[in-house]
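Structure file model-v2.txt (compact mmCIF, C-alpha atoms and all ligand atoms) is printed below.
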```txt
# COMPACT_ATOMS: atom_id res chain seq x y z
CA MET A 1 68.95 21.12 81.31
CA ALA A 2 69.70 24.73 80.34
CA PRO A 3 71.54 26.53 83.13
CA ASN A 4 68.70 28.74 84.20
CA ASP A 5 65.64 26.55 83.70
CA GLN A 6 65.03 26.74 87.43
CA THR A 7 65.37 30.50 87.83
CA SER A 8 61.65 31.15 87.98
CA GLU A 9 61.23 28.65 90.82
CA VAL A 10 63.75 30.36 93.05
CA THR A 11 63.13 33.72 94.68
CA GLN A 12 65.67 36.11 93.24
CA PRO A 13 67.51 38.26 95.74
CA ALA A 14 66.63 41.95 95.40
CA LEU A 15 69.44 44.46 95.83
CA VAL A 16 68.54 45.77 99.30
CA SER A 17 64.92 46.18 100.30
CA ASN A 18 63.10 49.49 100.15
CA ALA A 19 62.50 49.13 103.90
CA ASP A 20 66.10 50.22 104.47
CA ASP A 21 65.23 53.83 103.69
CA ARG A 22 67.40 56.95 103.87
CA ARG A 23 68.05 60.26 102.12
CA ILE A 24 70.57 59.91 99.33
CA SER A 25 73.72 61.80 100.16
CA THR A 26 76.72 59.93 98.71
CA LEU A 27 76.62 58.54 95.18
CA LEU A 28 79.09 56.10 93.65
CA ILE A 29 79.02 56.05 89.86
CA THR A 30 81.06 53.11 88.53
CA ILE A 31 82.18 53.10 84.91
CA ALA A 32 84.37 50.82 82.77
CA MET A 33 85.99 53.13 80.22
CA GLN A 34 87.47 56.60 80.38
CA ALA A 35 85.54 57.57 77.22
CA GLU A 36 82.28 56.73 79.03
CA ALA A 37 83.32 58.59 82.19
CA MET A 38 84.55 61.92 80.83
CA PRO A 39 81.20 63.31 79.56
CA ILE A 40 79.76 62.65 83.05
CA VAL A 41 82.78 64.16 84.82
CA LYS A 42 82.47 67.31 82.65
CA ARG A 43 78.71 67.71 83.08
CA LEU A 44 78.87 67.31 86.87
CA ASP A 45 82.05 69.46 87.07
CA LEU A 46 83.96 66.88 89.13
CA LYS A 47 87.66 67.07 90.03
CA LYS A 48 90.28 64.33 90.10
CA ASP A 49 91.24 63.15 93.58
CA ASP A 50 94.78 62.74 94.93
CA GLY A 51 94.70 58.93 94.69
CA SER A 52 94.88 58.41 98.46
CA LEU A 53 91.60 56.48 98.60
CA PHE A 54 92.96 53.41 96.82
CA PRO A 55 96.01 51.16 97.28
CA GLU A 56 99.24 52.83 96.18
CA GLY A 57 100.17 52.28 92.55
CA VAL A 58 96.80 50.99 91.24
CA SER A 59 95.44 52.47 88.02
CA TRP A 60 92.01 53.21 89.53
CA VAL A 61 90.64 56.71 88.91
CA ARG A 62 88.24 58.78 91.02
CA TYR A 63 86.67 62.14 90.20
CA HIS A 64 84.44 63.74 92.83
CA GLY A 65 82.62 66.86 93.92
CA THR A 66 79.41 68.28 95.28
CA TYR A 67 76.61 68.46 92.74
CA LYS A 68 73.11 69.61 93.77
CA ASN A 69 73.84 68.77 97.43
CA LEU A 70 75.03 65.27 96.55
CA ASN A 71 78.53 63.97 97.22
CA VAL A 72 79.19 62.49 93.77
CA ASN A 73 82.03 60.07 93.02
CA VAL A 74 82.78 58.78 89.54
CA ILE A 75 85.27 55.92 89.55
CA TRP A 76 86.72 53.62 86.91
CA PRO A 77 89.52 51.06 86.89
CA GLY A 78 91.79 53.08 84.58
CA LYS A 79 94.25 51.81 82.02
CA ASP A 80 95.84 48.38 82.20
CA ALA A 81 99.36 48.91 83.55
CA ASN A 82 101.00 46.76 80.86
CA LEU A 83 98.81 47.32 77.80
CA GLY A 84 97.47 50.84 78.27
CA VAL A 85 93.85 50.04 77.36
CA ASP A 86 90.80 50.51 79.60
CA SER A 87 90.51 47.73 82.19
CA VAL A 88 87.06 46.56 81.06
CA GLY A 89 85.36 43.41 82.35
CA THR A 90 84.13 41.89 85.59
CA ILE A 91 87.36 41.49 87.56
CA SER A 92 88.53 45.10 87.58
CA ALA A 93 84.93 46.35 87.93
CA SER A 94 84.42 44.18 91.02
CA LEU A 95 87.68 45.19 92.65
CA VAL A 96 87.28 48.92 92.20
CA THR A 97 83.61 48.76 93.25
CA PHE A 98 84.50 46.83 96.41
CA ALA A 99 87.27 49.26 97.37
CA SER A 100 85.09 52.29 96.59
CA ILE A 101 82.16 51.04 98.68
CA ARG A 102 84.48 50.38 101.63
CA ALA A 103 86.06 53.82 101.36
CA LEU A 104 83.03 55.96 100.52
CA LYS A 105 80.05 54.13 102.09
CA PRO A 106 77.70 55.27 99.30
CA ASP A 107 73.91 55.36 99.72
CA LEU A 108 73.46 54.30 96.12
CA ILE A 109 75.56 52.92 93.28
CA ILE A 110 74.95 53.78 89.64
CA ASN A 111 76.75 51.57 87.16
CA ALA A 112 76.79 53.63 83.97
CA GLY A 113 78.11 52.38 80.67
CA THR A 114 77.61 51.23 77.13
CA ALA A 115 76.10 47.91 76.11
CA GLY A 116 75.20 45.84 73.10
CA GLY A 117 71.47 45.71 72.39
CA PHE A 118 69.25 43.07 70.79
CA LYS A 119 66.94 44.40 68.09
CA VAL A 120 64.59 41.40 68.57
CA LYS A 121 63.99 42.84 72.05
CA GLY A 122 63.41 46.36 70.71
CA ALA A 123 66.85 47.93 71.28
CA ASN A 124 68.24 50.63 68.96
CA VAL A 125 71.63 52.35 68.94
CA GLY A 126 71.52 55.34 71.30
CA ASP A 127 68.69 54.00 73.49
CA VAL A 128 69.27 54.41 77.23
CA TYR A 129 68.03 51.68 79.56
CA LEU A 130 67.49 51.30 83.31
CA PRO A 131 67.81 47.48 83.55
CA SER A 132 65.38 45.70 85.88
CA ASP A 133 67.49 42.53 86.23
CA VAL A 134 71.09 41.51 85.71
CA ALA A 135 72.63 38.04 85.23
CA PHE A 136 75.76 36.38 83.81
CA HIS A 137 75.85 34.48 80.51
CA ASP A 138 79.36 33.00 80.59
CA ARG A 139 79.43 31.17 83.92
CA ARG A 140 78.12 27.74 83.00
CA ILE A 141 78.23 25.26 85.90
CA PRO A 142 75.91 22.36 85.00
CA ILE A 143 75.47 21.03 88.54
CA PRO A 144 72.19 21.61 90.39
CA VAL A 145 72.14 24.93 92.28
CA PHE A 146 75.68 25.80 91.11
CA ASP A 147 74.00 26.46 87.76
CA LEU A 148 71.91 29.19 89.41
CA TYR A 149 74.94 30.53 91.26
CA GLY A 150 76.73 30.82 87.91
CA VAL A 151 73.89 32.70 86.29
CA GLY A 152 73.84 35.00 89.35
CA SER A 153 70.53 36.61 88.47
CA ARG A 154 69.63 39.64 90.56
CA LYS A 155 66.89 42.27 90.53
CA THR A 156 68.23 45.80 90.47
CA PHE A 157 67.04 48.34 93.05
CA SER A 158 63.48 49.20 92.14
CA THR A 159 63.05 52.76 90.78
CA PRO A 160 59.53 53.11 89.33
CA GLU A 161 59.38 56.89 89.86
CA LEU A 162 62.75 57.48 88.23
CA LEU A 163 61.74 55.34 85.27
CA LYS A 164 58.50 57.30 84.85
CA ALA A 165 60.09 60.73 85.29
CA LEU A 166 62.95 60.15 82.85
CA ASN A 167 61.14 58.06 80.28
CA LEU A 168 64.02 55.59 79.96
CA LYS A 169 63.65 52.09 78.56
CA ILE A 170 63.48 48.99 80.72
CA GLY A 171 64.90 45.55 79.97
CA LYS A 172 67.19 42.86 81.36
CA LEU A 173 70.98 43.04 81.21
CA SER A 174 73.27 40.06 80.69
CA THR A 175 76.99 40.24 81.56
CA GLY A 176 80.01 38.28 80.35
CA ASP A 177 83.73 38.91 79.99
CA SER A 178 83.79 38.91 76.17
CA LEU A 179 82.80 41.60 73.71
CA ASP A 180 81.89 38.96 71.15
CA MET A 181 79.27 36.24 71.68
CA SER A 182 79.79 32.49 71.46
CA PRO A 183 76.83 30.21 70.57
CA GLU A 184 76.78 29.12 74.26
CA ASP A 185 76.61 32.76 75.38
CA ASP A 186 73.78 33.35 72.91
CA LYS A 187 71.74 30.51 74.46
CA SER A 188 72.33 31.82 77.99
CA ILE A 189 71.45 35.38 76.96
CA ILE A 190 68.15 34.11 75.55
CA ALA A 191 67.56 32.12 78.77
CA ASN A 192 68.29 35.34 80.71
CA ASP A 193 65.62 37.08 78.57
CA ALA A 194 68.15 39.89 78.06
CA THR A 195 67.73 43.01 75.93
CA LEU A 196 71.26 44.19 76.69
CA LYS A 197 74.73 42.67 76.90
CA ASP A 198 77.68 44.22 78.72
CA MET A 199 80.91 43.21 80.47
CA GLU A 200 80.46 44.54 84.04
CA GLY A 201 76.84 44.93 85.23
CA ALA A 202 76.15 41.60 86.98
CA ALA A 203 79.56 41.69 88.66
CA ILE A 204 78.86 45.12 90.12
CA ALA A 205 75.44 43.88 91.25
CA TYR A 206 77.18 40.98 93.01
CA VAL A 207 79.51 43.31 94.94
CA ALA A 208 76.68 45.73 95.75
CA ASP A 209 74.57 42.84 97.05
CA LEU A 210 77.49 41.48 99.07
CA LEU A 211 77.96 44.82 100.85
CA LYS A 212 74.22 45.62 100.94
CA VAL A 213 74.28 48.80 98.89
CA PRO A 214 71.38 49.47 96.50
CA ALA A 215 72.49 49.60 92.88
CA ILE A 216 70.93 50.84 89.67
CA PHE A 217 72.22 50.59 86.11
CA VAL A 218 72.17 53.11 83.28
CA LYS A 219 73.17 51.51 79.98
CA ALA A 220 73.35 53.16 76.56
CA VAL A 221 73.35 51.00 73.43
CA THR A 222 76.48 51.35 71.22
CA ASP A 223 75.90 48.34 68.97
CA ILE A 224 73.23 45.89 67.84
CA VAL A 225 74.34 42.36 68.63
CA ASP A 226 71.83 40.68 66.32
CA GLY A 227 72.37 43.21 63.51
CA ASP A 228 74.56 42.87 60.44
CA LYS A 229 77.56 45.03 61.49
CA PRO A 230 80.59 43.57 63.29
CA THR A 231 80.26 44.47 67.01
CA SER A 232 83.70 46.02 67.54
CA GLU A 233 83.38 48.25 64.43
CA GLU A 234 79.87 49.41 65.33
CA PHE A 235 80.91 49.96 68.95
CA LEU A 236 83.82 52.26 68.00
CA GLN A 237 81.74 54.07 65.38
CA ASN A 238 79.01 54.96 67.87
CA LEU A 239 81.08 55.37 71.03
CA ALA A 240 81.44 59.18 71.00
CA ALA A 241 77.76 59.93 70.25
CA VAL A 242 76.44 57.29 72.63
CA THR A 243 78.71 58.27 75.54
CA ALA A 244 77.45 61.85 75.09
CA ALA A 245 73.87 60.52 75.36
CA LEU A 246 74.90 58.43 78.37
CA GLY A 247 76.38 61.53 80.04
CA GLU A 248 73.14 63.39 79.51
CA ALA A 249 71.02 60.52 80.86
CA VAL A 250 73.22 60.03 83.95
CA THR A 251 73.02 63.78 84.67
CA ARG A 252 69.22 63.60 84.48
CA VAL A 253 69.27 60.61 86.85
CA VAL A 254 71.51 62.47 89.33
CA ASP A 255 69.27 65.57 89.07
CA PHE A 256 66.30 63.37 89.95
CA LEU A 257 68.12 61.77 92.92
CA SER A 258 68.99 65.10 94.51
CA GLY A 259 67.03 65.57 97.76
CA LYS A 260 65.24 62.21 97.49
CA LEU A 261 64.88 59.29 99.89
CA LEU A 262 65.69 55.82 98.53
CA SER A 263 61.98 55.05 98.88
CA GLN A 264 61.09 57.93 96.54
CA LEU A 265 62.88 56.42 93.56
N1 LIG B 1 86.90 47.67 71.41
C1 LIG B 1 86.79 48.52 72.57
C2 LIG B 1 86.83 47.68 73.79
C3 LIG B 1 85.79 48.01 74.79
S1 LIG B 1 84.99 46.61 75.41
C4 LIG B 1 87.89 49.56 72.49
O1 LIG B 1 88.72 49.41 71.64
O2 LIG B 1 87.90 50.53 73.26
C5 LIG B 1 83.35 47.14 75.44
C6 LIG B 1 82.89 47.93 76.64
O3 LIG B 1 81.61 48.42 76.32
C7 LIG B 1 82.71 47.10 77.92
O4 LIG B 1 82.99 47.87 79.04
C8 LIG B 1 81.23 46.64 77.85
O5 LIG B 1 80.57 46.73 79.10
C9 LIG B 1 80.57 47.60 76.86
N2 LIG B 1 79.92 46.97 75.69
C10 LIG B 1 79.44 47.68 74.63
N3 LIG B 1 78.91 46.86 73.70
C11 LIG B 1 79.04 45.60 74.16
C12 LIG B 1 78.68 44.31 73.64
N4 LIG B 1 78.08 44.16 72.47
N5 LIG B 1 78.99 43.22 74.37
C13 LIG B 1 79.60 43.35 75.56
N6 LIG B 1 79.96 44.54 76.09
C14 LIG B 1 79.69 45.67 75.42
```
Starting from the coordinates I provided, produce the structure as structure tokens.
Ligand code: SAH
Amino acid sequence: MAPNDQTSEVTQPALVSNADDRRISTLLITIAMQAEAMPIVKRLDLKKDDGSLFPEGVSWVRYHGTYKNLNVNVIWPGKDANLGVDSVGTISASLVTFASIRALKPDLIINAGTAGGFKVKGANVGDVYLPSDVAFHDRRIPIPVFDLYGVGSRKTFSTPELLKALNLKIGKLSTGDSLDMSPEDDKSIIANDATLKDMEGAAIAYVADLLKVPAIFVKAVTDIVDGDKPTSEEFLQNLAAVTAALGEAVTRVVDFLSGKLLSQL
């Protein structure tokens, strides 16, 4: 049986119900790469913190400030201490998200980043999505119920008004710890009905769900997974232009959030 054949029979957990309403005051924007973060930091005019929020010596980075009456925090896991590259992937994303939620008690999390897109599902380079669902594609545990745990499918916090106001695209996001895609991953991504593929989203949704914080996802497409260009080449080629588009979209999202209740999204 394919890992998520049973998904439709099980009620998926939603990331915090709309009944738990409040005015949005503190925002946590989690990002994987510095190149994705800087356009947002610049647009929102945020300043680097003194590092006291996180355990001493970790590479985690936080920029913060007040923007349109919102306490905005942009965080990312920083560079790997040994290799000097961005600490992408689910482990560092989970850790920094957990620590940031504990320290900042945000009303809402936005996971912003780049993603691969599937052209069979209508994705084009530069498109910006607000995913409706997230799931994993590389956690195969072929034992009843553990299979569903592995897939870890979750609905994102529902934002119909935001979607309408900003005219962003909607689709499902599938997460795994590899930039490339094995044939097994491909099957799981199809089973997840995903339009997008990234390396952090479903992990951040897991942590947000664990600590009962609503989370939304803003993902900009850097590369077409089912196209003819090699993913890593296409990713690097489009990174600058697409992170600029991501910065613009995240700013529009934050503008929309200003002064709103969670129930007005
Ligand atoms: N080669 C890059 C490595 C970045 S990994 C470099 O040299 O800088 C890719 C990052 O972008 C991850 O944080 C992931 O979430 C996102 N991403 C973009 N396209 C992706 C794809 N096709 N599959 C998985 N993740 C992708």
Practice item. Check which residues fall inside 9 Å of ligand LIG 1 (chain B) when counting only C-alpha atoms and all ligand atoms, and print them as an MDAnalysis selection string. Key: chainID A and resid 31:33 35:36 85:90 113:117 174:181 196:201 219:225 231:236 239
Exercise: Lys42 of chain A partners within 12 Å, all atoms listed in the file, chain neighbours under 4 positions left out, as a list in words: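 Answer for this query is Ala35, Glu36, Ala37, Met38, Leu46, Lys47, Lys48, Tyr63, His64, Gly65, Tyr67, Val74, Ala244, Gly247, Glu248, Val250 and Thr251 of chain A.
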TODO: Could you tell me which of A:Pro131, A:Leu163, A:Ile101, A:Ile204 comes closest to Phe54 of chain A if we count all atoms listed in the file?
DONE: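 Of A:Pro131, A:Leu163, A:Ile101, A:Ile204, the one nearest Phe54 of chain A is A:Ile101, counting all atoms listed in the file.
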Expressed in Å, the length from atom CA of Lys119 of chain A to atom CA of Pro39 of chain A is 26.3 Å
Closest atom pairs, segment 61-148 of chain A residues within 12 Å of segment 165-172 of chain A, only C-alpha atoms, as a tab-separated table:
```
residue	atom	partner	partner_atom	distance
A:Ala115	CA	A:Lys172	CA	11.5
A:Gly116	CA	A:Lys172	CA	11.9
A:Gly117	CA	A:Gly171	CA	10.0
A:Phe118	CA	A:Gly171	CA	10.5
A:Lys121	CA	A:Gly171	CA	8.4
A:Gly122	CA	A:Gly171	CA	9.4
A:Ala123	CA	A:Lys169	CA	9.0
A:Asn124	CA	A:Lys169	CA	10.7
A:Gly126	CA	A:Lys169	CA	11.2
A:Asp127	CA	A:Lys169	CA	7.4
A:Val128	CA	A:Leu168	CA	6.0
A:Tyr129	CA	A:Lys169	CA	4.5
A:Leu130	CA	A:Ile170	CA	5.3
A:Pro131	CA	A:Gly171	CA	5.0
A:Ser132	CA	A:Lys172	CA	5.6
A:Asp133	CA	A:Lys172	CA	4.9
A:Val134	CA	A:Lys172	CA	6.0
A:Ala135	CA	A:Lys172	CA	8.2
A:Phe136	CA	A:Lys172	CA	11.0
```
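Atom pair atom CA of Ala93 of chain A / atom CA of Pro77 of chain A has a distance of 6.7 Å (rounded to one decimal).
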### Test item: which residues lie within 6 Å of (90.3, 51.6, 90.7) counting all atoms listed in the file, as a PyMOL selection string
chain A and resi 59-61+76-77+96
Could you state the separation of atom CA of Pro214 of chain A and atom CA of Gly57 of chain A in Å, given to one decimal place?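 Calculated distance between atom CA of Pro214 of chain A and atom CA of Gly57 of chain A is 29.2 Å.
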Worksheet item: Can you tell me, as a PyMOL selection string, what residues are no more than 7 Å from Ile110 of chain A when counting only C-alpha atoms, ignoring any on the same chain fewer than 4 positions away?
Response: chain A and resi 28-30+215-218
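Of the listed residues A:Asp138, A:Leu210, A:Leu257, A:Leu95, the one whose atoms come nearest to Asp185 of chain A is A:Asp138, with distances taken using only C-alpha atoms.
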Name the residues within 8 Å of (74.2, 50.0, 95.7), counting all atoms listed in the file in the file's coordinates, and put them as a PyMOL selection string. chain A and resi 15-16+106-110+157+205+208-209+212-216
